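To be precise, the following lines are work_12.csv, and they hold CSV, C-alpha atoms and all ligand atoms.
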```
chain,number,residue,atom,x,y,z
K,46,MET,CA,10.5,12.2,-30.0
K,47,GLU,CA,12.4,10.5,-27.2
K,48,GLN,CA,10.7,7.6,-25.6
K,49,PRO,CA,10.2,7.9,-21.8
K,50,LEU,CA,11.9,5.3,-19.6
K,51,TYR,CA,8.8,4.0,-17.9
K,52,LEU,CA,5.0,4.3,-17.9
K,53,LYS,CA,3.6,6.9,-15.6
K,54,ASN,CA,-0.1,6.6,-15.7
K,55,VAL,CA,-0.5,3.1,-14.5
K,56,TRP,CA,-1.1,1.5,-11.0
K,57,TYR,CA,2.2,0.1,-9.7
K,58,VAL,CA,2.8,-2.2,-6.8
K,59,ALA,CA,4.3,-0.2,-4.0
K,60,GLY,CA,4.6,-3.1,-1.6
K,61,TRP,CA,2.9,-5.9,0.3
K,62,SER,CA,0.4,-4.9,3.0
K,63,SER,CA,2.5,-6.8,5.4
K,64,ASP,CA,5.5,-4.5,4.7
K,65,ILE,CA,4.1,-1.7,6.9
K,66,LYS,CA,2.6,-2.3,10.3
K,67,ARG,CA,0.3,0.2,12.0
K,68,GLY,CA,2.2,3.2,13.1
K,69,ASP,CA,5.2,2.3,10.9
K,70,ARG,CA,6.8,3.9,7.8
K,71,ILE,CA,9.3,3.0,5.0
K,72,GLY,CA,11.0,5.0,2.3
K,73,ARG,CA,11.1,3.6,-1.2
K,74,THR,CA,11.8,5.1,-4.6
K,75,PHE,CA,9.4,4.7,-7.5
K,76,LEU,CA,10.0,6.1,-11.0
K,77,ASP,CA,13.0,8.1,-9.6
K,78,GLN,CA,10.8,9.8,-7.0
K,79,PRO,CA,11.4,9.2,-3.2
K,80,VAL,CA,8.2,8.2,-1.5
K,81,VAL,CA,7.4,7.5,2.2
K,82,LEU,CA,4.8,4.7,2.7
K,83,TRP,CA,3.2,4.8,6.2
K,84,ARG,CA,0.3,3.4,8.1
K,85,ASP,CA,-1.6,5.6,10.5
K,86,GLN,CA,-2.7,4.4,13.9
K,87,GLN,CA,-6.2,3.7,12.5
K,88,GLY,CA,-4.6,1.3,10.0
K,89,THR,CA,-4.9,3.3,6.8
K,90,ALA,CA,-1.9,3.3,4.5
K,91,HIS,CA,-0.7,6.5,2.8
K,92,ALA,CA,2.0,7.5,0.3
K,93,LEU,CA,3.6,10.9,0.4
K,94,ALA,CA,6.6,12.5,-1.2
K,95,ASP,CA,9.6,11.6,1.0
K,96,ARG,CA,10.8,15.2,1.5
K,97,CYS,CA,9.6,17.6,4.2
K,98,ALA,CA,8.2,20.9,2.8
K,99,HIS,CA,10.3,22.8,5.4
K,100,ARG,CA,13.9,21.8,4.8
K,101,ALA,CA,13.7,18.7,2.6
K,102,MET,CA,14.4,16.2,5.4
K,103,PRO,CA,13.1,12.7,4.4
K,104,LEU,CA,9.8,12.1,6.3
K,105,SER,CA,10.7,8.3,6.3
K,106,ALA,CA,13.2,9.2,9.0
K,107,GLY,CA,10.4,10.5,11.1
K,108,VAL,CA,7.6,8.8,13.1
K,109,VAL,CA,3.9,8.2,12.8
K,110,GLU,CA,1.8,10.1,15.4
K,111,GLY,CA,-1.9,9.2,15.3
K,112,SER,CA,-3.1,10.1,11.9
K,113,ALA,CA,0.0,12.1,10.8
K,114,ILE,CA,3.6,11.6,10.1
K,115,ARG,CA,6.1,13.8,11.9
K,116,CYS,CA,9.3,15.1,10.4
K,117,PRO,CA,12.3,14.3,12.7
K,118,TYR,CA,14.0,17.6,12.1
K,119,HIS,CA,11.7,20.4,13.4
K,120,GLY,CA,8.5,18.4,14.1
K,121,LEU,CA,6.2,19.5,11.3
K,122,GLU,CA,3.4,16.9,10.9
K,123,PHE,CA,1.6,15.9,7.7
K,124,GLY,CA,-1.7,14.1,7.2
K,125,GLY,CA,-2.4,11.4,4.6
K,126,ASP,CA,-3.5,14.2,2.1
K,127,GLY,CA,-0.1,15.8,2.3
K,128,ARG,CA,-1.2,18.9,4.2
K,129,CYS,CA,0.7,20.1,7.2
K,130,THR,CA,-1.4,19.6,10.2
K,131,ARG,CA,1.0,21.0,12.9
K,132,ILE,CA,3.9,23.4,13.1
K,133,PRO,CA,5.3,23.5,16.6
K,134,ALA,CA,5.1,26.9,18.2
K,135,GLN,CA,3.2,28.4,15.3
K,136,ASP,CA,-0.6,28.8,15.0
K,137,ARG,CA,-1.1,29.6,11.4
K,138,ILE,CA,-0.3,26.9,8.9
K,139,PRO,CA,0.3,28.3,5.4
K,140,ASP,CA,-1.3,26.6,2.5
K,141,THR,CA,2.2,26.0,1.0
K,142,ALA,CA,3.0,23.7,3.9
K,143,ARG,CA,2.2,20.5,2.1
K,144,VAL,CA,3.9,17.6,0.3
K,145,ARG,CA,2.6,15.6,-2.7
K,146,ALA,CA,0.2,12.9,-1.8
K,147,TYR,CA,0.1,9.9,-4.1
K,148,PRO,CA,-3.1,7.9,-4.6
K,149,LEU,CA,-2.7,4.6,-2.8
K,150,VAL,CA,-5.1,1.6,-2.8
K,151,GLU,CA,-4.8,-1.5,-0.6
K,152,GLN,CA,-6.4,-4.7,-1.6
K,153,GLN,CA,-5.8,-8.4,-1.8
K,154,GLY,CA,-2.6,-8.1,0.3
K,155,LEU,CA,-1.1,-5.5,-2.0
K,156,LEU,CA,-0.5,-1.7,-1.9
K,157,TRP,CA,-0.9,0.0,-5.3
K,158,ILE,CA,0.4,3.4,-6.0
K,159,TRP,CA,-0.3,5.9,-8.8
K,160,MET,CA,2.8,7.9,-9.7
K,161,GLY,CA,1.3,9.7,-12.7
K,162,ASP,CA,-1.2,12.6,-13.1
K,163,THR,CA,-3.2,12.5,-9.9
K,164,GLY,CA,-6.4,13.5,-11.7
K,165,ARG,CA,-6.2,10.4,-13.8
K,166,ALA,CA,-5.9,7.8,-11.0
K,167,ASP,CA,-9.0,5.6,-11.3
K,168,VAL,CA,-9.4,3.2,-8.5
K,169,MET,CA,-11.6,1.0,-10.7
K,170,LEU,CA,-8.5,0.2,-12.8
K,171,VAL,CA,-6.4,-1.2,-9.9
K,172,PRO,CA,-5.5,-4.7,-11.1
K,173,SER,CA,-7.3,-7.5,-9.3
K,174,TYR,CA,-5.6,-10.6,-8.0
K,175,PRO,CA,-8.3,-12.8,-6.3
K,176,ILE,CA,-6.0,-15.7,-5.8
K,177,HIS,CA,-4.7,-14.0,-2.7
K,178,GLU,CA,-8.2,-14.3,-1.2
K,179,ASP,CA,-9.1,-17.7,-2.6
K,180,PRO,CA,-9.3,-20.3,0.2
K,181,ALA,CA,-8.2,-23.1,-2.2
K,182,TYR,CA,-4.7,-21.5,-2.3
K,183,ALA,CA,-1.9,-20.9,0.1
K,184,TRP,CA,0.5,-18.2,-0.8
K,185,ARG,CA,3.7,-16.4,0.3
K,186,SER,CA,5.3,-13.3,-1.0
K,187,ALA,CA,8.7,-11.5,-1.4
K,188,HIS,CA,10.3,-8.3,-2.5
K,189,PHE,CA,13.5,-8.4,-4.5
K,190,PRO,CA,15.4,-5.2,-5.3
K,191,VAL,CA,16.9,-5.8,-8.8
K,192,ASN,CA,19.8,-4.0,-10.3
K,193,GLY,CA,18.3,-4.2,-13.8
K,194,SER,CA,15.6,-2.4,-15.7
K,195,TRP,CA,12.0,-3.3,-15.4
K,196,GLN,CA,11.9,-4.1,-19.2
K,197,LEU,CA,14.5,-6.8,-18.7
K,198,LEU,CA,12.3,-8.3,-16.0
K,199,VAL,CA,9.3,-8.2,-18.3
K,200,ASP,CA,11.3,-9.9,-21.1
K,201,ASN,CA,12.5,-12.6,-18.7
K,202,LEU,CA,9.0,-13.5,-17.4
K,203,MET,CA,7.4,-13.5,-20.9
K,204,ASP,CA,10.0,-15.9,-22.2
K,205,LEU,CA,10.0,-19.4,-20.8
K,206,SER,CA,12.6,-20.8,-23.2
K,207,HIS,CA,15.3,-19.9,-20.7
K,208,LEU,CA,14.0,-22.4,-18.2
K,209,PRO,CA,16.1,-25.4,-19.2
K,210,TYR,CA,19.3,-23.3,-19.1
K,211,ILE,CA,19.0,-20.9,-16.2
K,212,HIS,CA,16.7,-23.1,-14.1
K,213,ALA,CA,18.0,-26.5,-14.9
K,214,LYS,CA,18.2,-27.6,-11.2
K,215,THR,CA,14.7,-26.3,-10.3
K,216,ILE,CA,11.8,-25.9,-12.7
K,217,GLY,CA,13.7,-26.5,-15.8
K,218,GLY,CA,13.2,-29.8,-17.4
K,219,ASN,CA,14.7,-31.0,-20.6
K,220,PRO,CA,15.8,-28.4,-23.2
K,221,ASP,CA,14.6,-30.3,-26.2
K,222,LEU,CA,11.1,-30.5,-24.8
K,223,HIS,CA,11.1,-26.7,-24.2
K,224,PHE,CA,12.2,-26.0,-27.8
K,225,ARG,CA,9.8,-28.5,-29.3
K,226,THR,CA,6.9,-26.8,-27.4
K,227,LYS,CA,5.1,-24.3,-29.5
K,228,THR,CA,4.6,-20.9,-27.9
K,229,GLN,CA,1.4,-19.2,-28.8
K,230,SER,CA,1.2,-15.5,-28.2
K,231,GLU,CA,-2.0,-13.5,-28.3
K,232,LYS,CA,-2.5,-9.7,-28.1
K,233,LEU,CA,-5.2,-8.6,-25.6
K,234,THR,CA,-6.8,-5.2,-25.3
K,235,ASN,CA,-4.7,-4.3,-22.3
K,236,GLY,CA,-1.8,-6.7,-22.7
K,237,VAL,CA,-0.4,-10.0,-24.0
K,238,ARG,CA,-1.0,-13.6,-23.3
K,239,VAL,CA,1.5,-16.4,-23.9
K,240,ILE,CA,0.4,-20.1,-23.8
K,241,ARG,CA,2.6,-23.2,-23.9
K,242,GLN,CA,1.5,-26.8,-23.5
K,243,MET,CA,3.7,-29.8,-22.9
K,244,PRO,CA,1.5,-32.9,-23.3
K,245,ASP,CA,2.8,-36.3,-22.1
K,246,SER,CA,6.1,-35.0,-20.7
K,247,GLU,CA,8.5,-35.9,-18.0
K,248,PRO,CA,7.8,-34.0,-14.7
K,249,PRO,CA,10.6,-31.5,-13.6
K,250,PRO,CA,12.1,-31.9,-10.1
K,251,THR,CA,10.0,-29.2,-8.5
K,252,TYR,CA,6.8,-30.9,-9.7
K,253,VAL,CA,7.8,-34.3,-8.4
K,254,ASP,CA,8.7,-32.8,-5.0
K,255,ALA,CA,5.6,-30.7,-4.7
K,256,ALA,CA,2.9,-32.9,-6.2
K,257,GLY,CA,4.4,-36.4,-6.1
K,258,PHE,CA,3.9,-37.2,-9.8
K,259,THR,CA,5.2,-40.7,-10.6
K,260,GLY,CA,4.4,-40.9,-14.3
K,261,ARG,CA,4.2,-38.6,-17.3
K,262,ILE,CA,2.3,-35.3,-17.1
K,263,ASP,CA,0.3,-32.9,-19.2
K,264,ARG,CA,1.9,-29.6,-18.4
K,265,TRP,CA,0.8,-26.0,-19.1
K,266,GLN,CA,2.2,-22.5,-18.8
K,267,GLU,CA,0.0,-19.5,-19.2
K,268,ILE,CA,1.5,-16.0,-18.8
K,269,GLU,CA,-0.4,-12.8,-18.9
K,270,PHE,CA,1.1,-9.3,-19.1
K,271,GLU,CA,-0.8,-6.1,-18.3
K,272,PRO,CA,0.9,-2.8,-17.4
K,273,VAL,CA,2.8,-3.5,-15.3
K,274,LEU,CA,2.4,-6.9,-13.8
K,275,ILE,CA,2.5,-10.5,-14.9
K,276,ARG,CA,0.3,-13.4,-13.8
K,277,ILE,CA,1.7,-16.8,-14.5
K,278,HIS,CA,-0.4,-20.0,-14.1
K,279,THR,CA,1.7,-23.2,-14.5
K,280,GLY,CA,0.8,-26.7,-13.5
K,281,ALA,CA,0.2,-30.2,-14.5
K,282,CYS,CA,-2.2,-33.1,-14.3
K,283,ASP,CA,-1.4,-36.8,-14.8
K,284,ALA,CA,-1.1,-37.3,-18.6
K,285,GLY,CA,-4.4,-37.8,-20.4
K,286,THR,CA,-6.7,-36.7,-17.5
K,287,GLY,CA,-8.2,-33.6,-19.1
K,288,ALA,CA,-5.9,-30.7,-18.3
K,289,TYR,CA,-6.3,-29.3,-21.8
K,290,GLU,CA,-10.1,-29.6,-21.7
K,291,GLY,CA,-10.2,-27.5,-18.6
K,292,ARG,CA,-10.3,-30.3,-15.9
K,293,ARG,CA,-7.5,-29.2,-13.7
K,294,ASP,CA,-8.9,-29.3,-10.1
K,295,HIS,CA,-7.3,-32.7,-9.5
K,296,GLY,CA,-3.9,-31.5,-10.7
K,297,PHE,CA,-1.2,-29.2,-9.4
K,298,SER,CA,-1.6,-25.5,-9.9
K,299,MET,CA,1.0,-22.8,-9.2
K,300,ARG,CA,0.1,-19.2,-9.6
K,301,GLY,CA,2.7,-16.5,-9.7
K,302,PHE,CA,2.0,-12.9,-9.2
K,303,HIS,CA,4.8,-10.6,-10.5
K,304,GLY,CA,4.5,-6.9,-9.7
K,305,ILE,CA,7.2,-5.0,-11.6
K,306,THR,CA,7.8,-1.4,-10.4
K,307,PRO,CA,10.6,0.7,-11.8
K,308,GLU,CA,12.7,2.3,-9.0
K,309,THR,CA,14.9,4.1,-11.5
K,310,ALA,CA,15.6,3.5,-15.2
K,311,THR,CA,18.0,0.7,-14.4
K,312,THR,CA,16.8,-0.6,-11.1
K,313,THR,CA,13.5,-2.4,-10.3
K,314,HIS,CA,11.3,-3.4,-7.4
K,315,TYR,CA,10.3,-7.0,-8.0
K,316,PHE,CA,7.3,-8.0,-5.9
K,317,TRP,CA,6.3,-11.6,-6.3
K,318,SER,CA,4.0,-14.1,-4.7
K,319,MET,CA,3.6,-17.8,-5.2
K,320,ALA,CA,0.4,-19.6,-4.6
K,321,THR,CA,-0.5,-23.3,-4.9
K,322,ASN,CA,-3.6,-25.4,-4.5
K,323,ILE,CA,-2.0,-28.4,-3.0
K,324,LEU,CA,-0.6,-27.0,0.3
K,325,ARG,CA,-3.6,-25.6,2.0
K,326,ASP,CA,-1.9,-25.4,5.4
K,327,GLY,CA,0.6,-23.0,4.1
K,328,ILE,CA,3.7,-23.1,2.0
K,329,PRO,CA,6.6,-24.8,3.8
K,330,ASP,CA,9.9,-23.0,3.9
K,331,GLU,CA,11.7,-25.4,1.6
K,332,VAL,CA,9.1,-25.0,-1.2
K,333,PHE,CA,9.2,-21.3,-0.8
K,334,GLU,CA,12.9,-21.3,-0.8
K,335,GLN,CA,13.1,-23.3,-3.9
K,336,THR,CA,10.9,-20.8,-5.7
K,337,ALA,CA,12.9,-17.9,-4.3
K,338,ARG,CA,16.1,-19.6,-5.6
K,339,THR,CA,14.6,-19.8,-9.1
K,340,PHE,CA,13.8,-16.1,-9.1
K,341,ARG,CA,17.3,-15.3,-7.7
K,342,GLU,CA,18.7,-17.2,-10.7
K,343,ASP,CA,16.7,-14.7,-12.9
K,344,GLN,CA,17.8,-11.8,-10.9
K,345,GLU,CA,21.4,-12.7,-11.4
K,346,VAL,CA,20.9,-12.8,-15.2
K,347,LEU,CA,19.2,-9.4,-15.3
K,348,GLU,CA,22.0,-7.8,-13.3
K,349,LEU,CA,24.6,-9.2,-15.7
K,350,GLN,CA,22.6,-8.0,-18.7
K,351,GLN,CA,22.1,-4.6,-17.2
K,352,ALA,CA,25.8,-4.2,-16.6
K,353,ARG,CA,26.5,-4.9,-20.3
K,354,MET,CA,23.7,-2.7,-21.5
K,355,SER,CA,24.7,0.3,-19.3
K,356,ALA,CA,28.2,0.0,-20.7
K,357,ASP,CA,26.9,0.3,-24.3
K,358,PRO,CA,23.2,1.2,-24.4
K,359,ASP,CA,22.9,1.7,-28.1
K,360,GLN,CA,24.2,-1.7,-29.3
K,361,PRO,CA,21.3,-3.6,-31.0
K,362,MET,CA,20.0,-7.0,-30.0
K,363,ILE,CA,18.5,-9.8,-32.1
K,364,ASP,CA,15.3,-11.7,-31.7
K,365,ILE,CA,14.8,-15.5,-32.0
K,366,ALA,CA,11.7,-17.5,-32.6
K,367,SER,CA,10.9,-18.2,-29.0
K,368,ASP,CA,10.8,-14.4,-28.3
K,369,VAL,CA,7.4,-14.1,-29.8
K,370,GLY,CA,5.6,-13.3,-26.5
K,371,GLY,CA,8.4,-11.0,-25.4
K,372,ARG,CA,8.3,-9.2,-28.7
K,373,HIS,CA,4.5,-8.7,-28.6
K,374,THR,CA,4.9,-7.3,-25.1
K,375,ARG,CA,7.7,-5.0,-26.1
K,376,GLN,CA,5.6,-3.7,-29.0
K,377,PHE,CA,2.7,-3.2,-26.7
K,378,ILE,CA,4.8,-1.3,-24.1
K,379,SER,CA,6.4,0.8,-26.8
K,380,ARG,CA,3.0,1.9,-28.0
K,381,LEU,CA,1.9,2.9,-24.5
K,382,LEU,CA,5.2,4.8,-23.9
K,383,ARG,CA,4.8,6.6,-27.2
K,384,GLU,CA,1.2,7.6,-26.3
K,385,GLU,CA,2.3,8.9,-23.0
K,386,ALA,CA,5.1,10.9,-24.6
K,387,THR,CA,2.7,12.4,-27.2
K,388,GLU,CA,0.2,13.4,-24.4
K,389,ARG,CA,3.0,15.0,-22.4
K,390,LEU,CA,4.1,17.0,-25.5
K,391,ALA,CA,0.5,18.1,-26.2
K,392,ALA,CA,0.1,19.1,-22.5
K,393,ALA,CA,3.3,21.2,-22.5
K,401,LIG,S1,12.9,19.8,7.7
K,401,LIG,FE1,11.0,18.9,8.3
K,401,LIG,S2,10.5,20.1,10.0
K,401,LIG,FE2,12.2,21.1,9.3
K,402,FE,FE,13.3,-17.4,-15.0
```

Representation of the structure as structure tokens:
Amino acid sequence: MEQPLYLKNVWYVAGWSSDIKRGDRIGRTFLDQPVVLWRDQQGTAHALADRCAHRAMPLSAGVVEGSAIRCPYHGLEFGGDGRCTRIPAQDRIPDTARVRAYPLVEQQGLLWIWMGDTGRADVMLVPSYPIHEDPAYAWRSAHFPVNGSWQLLVDNLMDLSHLPYIHAKTIGGNPDLHFRTKTQSEKLTNGVRVIRQMPDSEPPPTYVDAAGFTGRIDRWQEIEFEPVLIRIHTGACDAGTGAYEGRRDHGFSMRGFHGITPETATTTHYFWSMATNILRDGIPDEVFEQTARTFREDQEVLELQQARMSADPDQPMIDIASDVGGRHTRQFISRLLREEATERLAAA
């Protein structure tokens, strides 16, 4: 049985709420399917197949008119449910005049789309990210289109041992310290959690800049994967002040949200946000830029890996000890992919 390339029956991040203004639309591809995301004049966001039912013109080239999107070619209009609501100079609208509507949920600054079987979309299962609504945090977001597969991005985020190499100038810190740090990986019902602690360590440059640490720190990294997003909580307190006993309010916390949505088998939408508890008035450009630079360093790696892998997809790869979190995550994803393949076979 051939394994599918991506999970279908999960909620994926389609974008940031701020990506589409009222009365606006954008075209994006998810799981190889072109989608138009648009916001009607009342403010509700919708997702439709980006292909007019008449002559296949992309609706994302059209305009939003009240509560419909209008195709730019012959003026057919479609509502949020995908039904055609108007055909110029024709009274009867046939039932076949419709495009596929994808379930879309907007919450906590994010747009979530369901690309799988519509009947199985359960809005109760949309992943929650309360940090975006927490007054203790300031946050900013970005969208990187990556020329690499979503699995490479998952691997990258679940593995922090690349920090001292790829991110030496930003969040890296000293390689020995990273390799001396034990990585604990735990399987959860719907994902994987990786925890690393670096007690009594030297603060990396970003931490000194952001939080003004002058002495040694107790540092933590906690990463949680669920299909298909990753939450990362990193931070530090002055050494010996209770970080590992749960007393962290006085310290520096950085929360990373990483929404990972396949565009195609080898390209990915990377939607990330950074939030921190020490900059309540907002995240200044230079701090945001430093984070963005870090993720661009990763992006570059993924694109180089993908080029090699596309040239010879069947060549095997080896694992090393620090891959434990990544390995658990791959096993978990593989199981879900197999389950979806079996279901599809049974349904056929
Ligand atoms: S192609 Fe859309 S109206 Fe004709
Ligand atoms: Fe990285």

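Taking only C-alpha atoms and all ligand atoms into account, the protein and nucleic acid residues that come at most 7 Å from ligand LIG 401 (chain K) are K:Cys97, K:Ala98, K:His99, K:Arg100, K:Ala101, K:Met102, K:Cys116, K:Pro117, K:Tyr118, K:His119, K:Gly120, K:Leu121.
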
So that I have them on file, write out the residues from the current selection with C-alpha atoms, as a PDB file, keeping the file's coordinate frame.
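Result saved to out.pdb:
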```pdb
ATOM      1  CA  CYS K  97       9.600  17.600   4.200  1.00  0.00           C
ATOM      2  CA  ALA K  98       8.200  20.900   2.800  1.00  0.00           C
ATOM      3  CA  HIS K  99      10.300  22.800   5.400  1.00  0.00           C
ATOM      4  CA  ARG K 100      13.900  21.800   4.800  1.00  0.00           C
ATOM      5  CA  ALA K 101      13.700  18.700   2.600  1.00  0.00           C
ATOM      6  CA  MET K 102      14.400  16.200   5.400  1.00  0.00           C
ATOM      7  CA  CYS K 116       9.300  15.100  10.400  1.00  0.00           C
ATOM      8  CA  PRO K 117      12.300  14.300  12.700  1.00  0.00           C
ATOM      9  CA  TYR K 118      14.000  17.600  12.100  1.00  0.00           C
ATOM     10  CA  HIS K 119      11.700  20.400  13.400  1.00  0.00           C
ATOM     11  CA  GLY K 120       8.500  18.400  14.100  1.00  0.00           C
ATOM     12  CA  LEU K 121       6.200  19.500  11.300  1.00  0.00           C
TER      13      LEU K 121
END
```

| query | In Å to one decimal, how far is atom CA of K:Tyr147 from atom CA of K:Thr163? | reply |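 For atom CA of K:Thr163 relative to atom CA of K:Tyr147, the distance reads 7.2 Å.
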
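Put simply, atom CA of K:Ile323 is 20.1 Å away from atom CA of K:Ala187.
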
Given all atoms listed in the file as the counted atoms, nearest of K:Leu149, K:Val239, K:Leu202, K:Ala94 to ligand FE 402 (chain K):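 Ranked by minimum distance to ligand FE 402 (chain K), first place goes to K:Leu202.
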
Distance of atom CA of K:Thr279 from atom CA of K:Trp195, expressed in Å to one decimal place =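 So the answer is 22.4 Å.
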
Practice prompt. Find the residues near ligand FE 402 (chain K). Use a cut-off of 7 Å, count all atoms listed in the file, and write them as number ranges by chain.
Written response: K: 201-202, 205, 207-208, 211-212, 339-340, 342-343

Residues from last step as file, C-alpha atoms, as a JSON list (two decimals), keeping the file's coordinate frame:
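Saved to selection-v7.json:
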```json
[["chain", "number", "residue", "atom", "x", "y", "z"],
["K", 201, "ASN", "CA", 12.50, -12.60, -18.70],
["K", 202, "LEU", "CA", 9.00, -13.50, -17.40],
["K", 205, "LEU", "CA", 10.00, -19.40, -20.80],
["K", 207, "HIS", "CA", 15.30, -19.90, -20.70],
["K", 208, "LEU", "CA", 14.00, -22.40, -18.20],
["K", 211, "ILE", "CA", 19.00, -20.90, -16.20],
["K", 212, "HIS", "CA", 16.70, -23.10, -14.10],
["K", 339, "THR", "CA", 14.60, -19.80, -9.10],
["K", 340, "PHE", "CA", 13.80, -16.10, -9.10],
["K", 342, "GLU", "CA", 18.70, -17.20, -10.70],
["K", 343, "ASP", "CA", 16.70, -14.70, -12.90]]
```

Note to self: With all atoms listed in the file as the counted atoms, please give the residues lying no more than 10 Å from K:Ile378, apart from itself and same-chain residues fewer than 4 positions off, as a list of chain:residue names.
What the structure shows: K:Tyr51, K:Leu52, K:Gln196, K:Gly236, K:Glu271, K:Pro272, K:Val273, K:Arg372, K:His373, K:Thr374, K:Leu382, K:Arg383, K:Glu384

Pick from K:Thr387, K:Asn54, K:Thr286, K:Gln266, whichever lies nearest to K:Gly161 using all atoms listed in the file
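That would be K:Asn54, the residue with the smallest distance to K:Gly161.
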
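With only C-alpha atoms as the basis for measurement, K:Trp56 is the residue among K:Trp56, K:Phe333, K:Tyr315, K:Phe377 that approaches K:Asp162 most closely.
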
Of K:Glu122, K:Arg380, K:Lys227, K:Met160, the one nearest to K:Ala142 when counting only C-alpha atoms is K:Glu122

Residue with the minimum atom-to-atom distance to K:Met354, picked from K:Lys232, K:Val81, K:Ser194, K:Ala213 with only C-alpha atoms counted, is K:Ser194

The residue from K:Gln335, K:Thr228, K:Ser298, K:Gln344 with the smallest atom-to-atom distance to K:Ile240, counting only C-alpha atoms, is K:Thr228

Q | Contact residues around K:Ile305 with all atoms listed in the file at 10 Å, ignoring same-chain residues under 2 positions, as a ChimeraX atom specification | A | /K:57-59,194-196,198-199,272-275,302-303,307-308,313-317

- Task: Name all residues at most 12 Å from stretch 362-366 of chain K (count only C-alpha atoms; drop same-chain ones fewer than 4 positions away) and give them as JSON, numbers by chain.
- Result: {"K": [200, 204, 206, 224, 225, 226, 227, 228, 229, 230, 350, 353, 354, 357, 358, 370, 371, 372, 373, 375]}

Can you list every residue of stretch 112-211 of chain K that has an atom at most 12 Å from stretch 88-92 of chain K, with its nearest atom pair and the distance in Å to one decimal, using all atoms listed in the file, ordered by chain then number, as CSV?
```
residue,atom,partner,partner_atom,distance
K:Ser112,CA,K:Thr89,CA,8.7
K:Ala113,CA,K:His91,CA,9.8
K:Ile114,CA,K:His91,CA,9.9
K:Phe123,CA,K:His91,CA,10.8
K:Gly124,CA,K:His91,CA,8.8
K:Gly125,CA,K:His91,CA,5.5
K:Asp126,CA,K:His91,CA,8.2
K:Gly127,CA,K:Ala92,CA,8.8
K:Val144,CA,K:Ala92,CA,10.3
K:Arg145,CA,K:Ala92,CA,8.7
K:Ala146,CA,K:Ala92,CA,6.1
K:Tyr147,CA,K:Ala92,CA,5.4
K:Pro148,CA,K:Ala92,CA,7.1
K:Leu149,CA,K:His91,CA,6.2
K:Val150,CA,K:Ala90,CA,8.1
K:Glu151,CA,K:Ala90,CA,7.6
K:Gln152,CA,K:Ala90,CA,11.0
K:Leu155,CA,K:Ala90,CA,11.0
K:Leu156,CA,K:Ala90,CA,8.2
K:Trp157,CA,K:Ala92,CA,9.8
K:Ile158,CA,K:Ala92,CA,7.7
K:Trp159,CA,K:Ala92,CA,9.5
K:Met160,CA,K:Ala92,CA,10.0
```

Those same residues, written as a short mmCIF file (atom, residue, chain, number, x, y, z; two decimals), in the frame of the given file with C-alpha atoms?
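Final output, saved to result.cif:
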```cif
data_model
loop_
_atom_site.label_atom_id
_atom_site.label_comp_id
_atom_site.auth_asym_id
_atom_site.auth_seq_id
_atom_site.Cartn_x
_atom_site.Cartn_y
_atom_site.Cartn_z
CA SER K 112 -3.10 10.10 11.90
CA ALA K 113 0.00 12.10 10.80
CA ILE K 114 3.60 11.60 10.10
CA PHE K 123 1.60 15.90 7.70
CA GLY K 124 -1.70 14.10 7.20
CA GLY K 125 -2.40 11.40 4.60
CA ASP K 126 -3.50 14.20 2.10
CA GLY K 127 -0.10 15.80 2.30
CA VAL K 144 3.90 17.60 0.30
CA ARG K 145 2.60 15.60 -2.70
CA ALA K 146 0.20 12.90 -1.80
CA TYR K 147 0.10 9.90 -4.10
CA PRO K 148 -3.10 7.90 -4.60
CA LEU K 149 -2.70 4.60 -2.80
CA VAL K 150 -5.10 1.60 -2.80
CA GLU K 151 -4.80 -1.50 -0.60
CA GLN K 152 -6.40 -4.70 -1.60
CA LEU K 155 -1.10 -5.50 -2.00
CA LEU K 156 -0.50 -1.70 -1.90
CA TRP K 157 -0.90 0.00 -5.30
CA ILE K 158 0.40 3.40 -6.00
CA TRP K 159 -0.30 5.90 -8.80
CA MET K 160 2.80 7.90 -9.70
#
```

Notebook entry, point to check: What's the 6 Å shell around K:Arg238, counting only C-alpha atoms, without same-chain residues fewer than 2 positions away, as a ChimeraX atom specification?
Noted result: /K:230-231,268-269

**Q.** Shell of 10 Å around K:Asp283, all atoms listed in the file, local chain residues under 2 positions omitted, as a PyMOL selection string
**A.** chain K and resi 244-246+248+258-264+281+285-288+293+295-297

Starting from the sparse input, extend stretch 377-382 of chain K to N, CA and C atoms and give the output as a PDB file, in the coordinates of the input.
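Result written to result_22.pdb:
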```pdb
ATOM      1  N   PHE K 377       3.793  -3.729 -27.415  1.00  0.00           N
ATOM      2  CA  PHE K 377       2.700  -3.200 -26.700  1.00  0.00           C
ATOM      3  C   PHE K 377       3.149  -2.048 -25.724  1.00  0.00           C
ATOM      4  N   ILE K 378       4.228  -2.330 -24.992  1.00  0.00           N
ATOM      5  CA  ILE K 378       4.800  -1.300 -24.100  1.00  0.00           C
ATOM      6  C   ILE K 378       5.253  -0.096 -24.825  1.00  0.00           C
ATOM      7  N   SER K 379       5.925  -0.330 -25.952  1.00  0.00           N
ATOM      8  CA  SER K 379       6.400   0.800 -26.800  1.00  0.00           C
ATOM      9  C   SER K 379       5.290   1.687 -27.206  1.00  0.00           C
ATOM     10  N   ARG K 380       4.176   1.068 -27.583  1.00  0.00           N
ATOM     11  CA  ARG K 380       3.000   1.900 -28.000  1.00  0.00           C
ATOM     12  C   ARG K 380       2.540   2.741 -26.853  1.00  0.00           C
ATOM     13  N   LEU K 381       2.411   2.149 -25.672  1.00  0.00           N
ATOM     14  CA  LEU K 381       1.900   2.900 -24.500  1.00  0.00           C
ATOM     15  C   LEU K 381       2.918   4.043 -24.168  1.00  0.00           C
ATOM     16  N   LEU K 382       4.218   3.754 -24.258  1.00  0.00           N
ATOM     17  CA  LEU K 382       5.200   4.800 -23.900  1.00  0.00           C
ATOM     18  C   LEU K 382       5.127   5.936 -24.936  1.00  0.00           C
TER      19      LEU K 382
END
```
